[in-house]
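Enquirer: After the structure tokens below, expect a handful of questions from me.
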Amino acid sequence: MSEFQSGMEPIRRVLVVDDEPLIRMLVVDTLEELGLAAMEAGNAVEASTVLDSDQPVDLLVTDLNLPGGVNGHQLVDLARRTRKDLKVLLITGYAPAAEDVVDDRTFVVAKPFLTETLAAHVRHLLGLTAPE
């Protein structure tokens, strides 16, 4: 059992969107170590398939620079049309480009990042706390 799964809590689901497979793998591994269920998408079109479905998504972790004509900002805007309270963690090599979207539902992590930093932001956004 993971760091936060007690067996009584529902599993939290996270959609990870990044066109770089190694980044997706790193993020997914970190999420799974936290006991979270991770889904992957390589671009906004793939992510939209999940976001437009009935599948639960508790957190969207997305790169800002995505291929295919829809960037991370646009993906978040599209997702929040139907998932108004969706929590978002933006991962980017261009952190200043994302500073204007930070709020209580949206955080930014600059690449390269430590997995501990990623995990801390995920915990905070999902309201998870480490056991005493």
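Here, A, B, ... name the chains of the structure tokens in the order displayed, residue numbers run from 1 inside each chain, and ligands are numbered from 1 in the same displayed order.
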Need the shell around Val108 (chain A): protein/DNA/RNA residues with any atom at most 6 Å away, counting only C-alpha atoms. Skip same-chain ones fewer than 5 positions apart. Format as a ChimeraX atom specification?
Expert: /A:89-91
Enquirer: Please provide the set of residues having any atom within 10 Å of region 34-43 of chain A, restricted to only C-alpha atoms, with same-chain residues fewer than 5 positions apart removed, written as a ChimeraX atom specification.
Expert: /A:1-6,10-21,24-25,27-29,48-50,57-63,65-72,75,119,122-123,128,130
Enquirer: Can you measure CA of Asp52 (chain A) to CA of Ala79 (chain A) for me? One decimal in Å is fine.
Expert: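 Spanning CA of Asp52 (chain A) to CA of Ala79 (chain A) is a straight-line distance of 7.8 Å.
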Enquirer: Provide the CA of Glu116 (chain A) to CA of Leu78 (chain A) distance in Å, to one decimal place.
Expert: 29.0 Å
Enquirer: Write out as an MDAnalysis selection string each polymer residue whose atoms come within 12 Å of Asp103 (chain A), counting only C-alpha atoms; drop sequence neighbours fewer than 4 positions from it.
Expert: chainID A and resid 85:90 98:99 107:108 125
Enquirer: What gap, in Å, lies between CA of Thr82 (chain A) and CA of Arg105 (chain A)?
Expert: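 One can read the CA of Thr82 (chain A) to CA of Arg105 (chain A) distance as 15.1 Å.
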Enquirer: Which of region 9-113 of chain A counts as helix (DSSP H, G or I) under DSSP, as a PyMOL selection string please?
Expert: chain A and resi 21-33+44-51+72-82+95-101
Enquirer: With only C-alpha atoms as the atoms that count, which of A:Leu126, A:Leu64, A:Val76, A:Ala44 lies nearest to Tyr94 (chain A)?
Expert: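 Of the candidates, the smallest distance to Tyr94 (chain A) is held by A:Leu64.
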Enquirer: Would you please extract all strand (DSSP E or B) residues from chain A, as assigned by DSSP on the backbone, and give them as number ranges by chain?
Expert: A: 13-17, 37-41, 59-63, 87-92, 103, 106-110
Enquirer: With distances taken over only C-alpha atoms, which residue among A:Val102, A:Leu51, A:Ile23, A:Thr30 lies nearest Thr117 (chain A)?
Expert: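 Looking only at the distances to Thr117 (chain A), the closest residue turns out to be A:Thr30.
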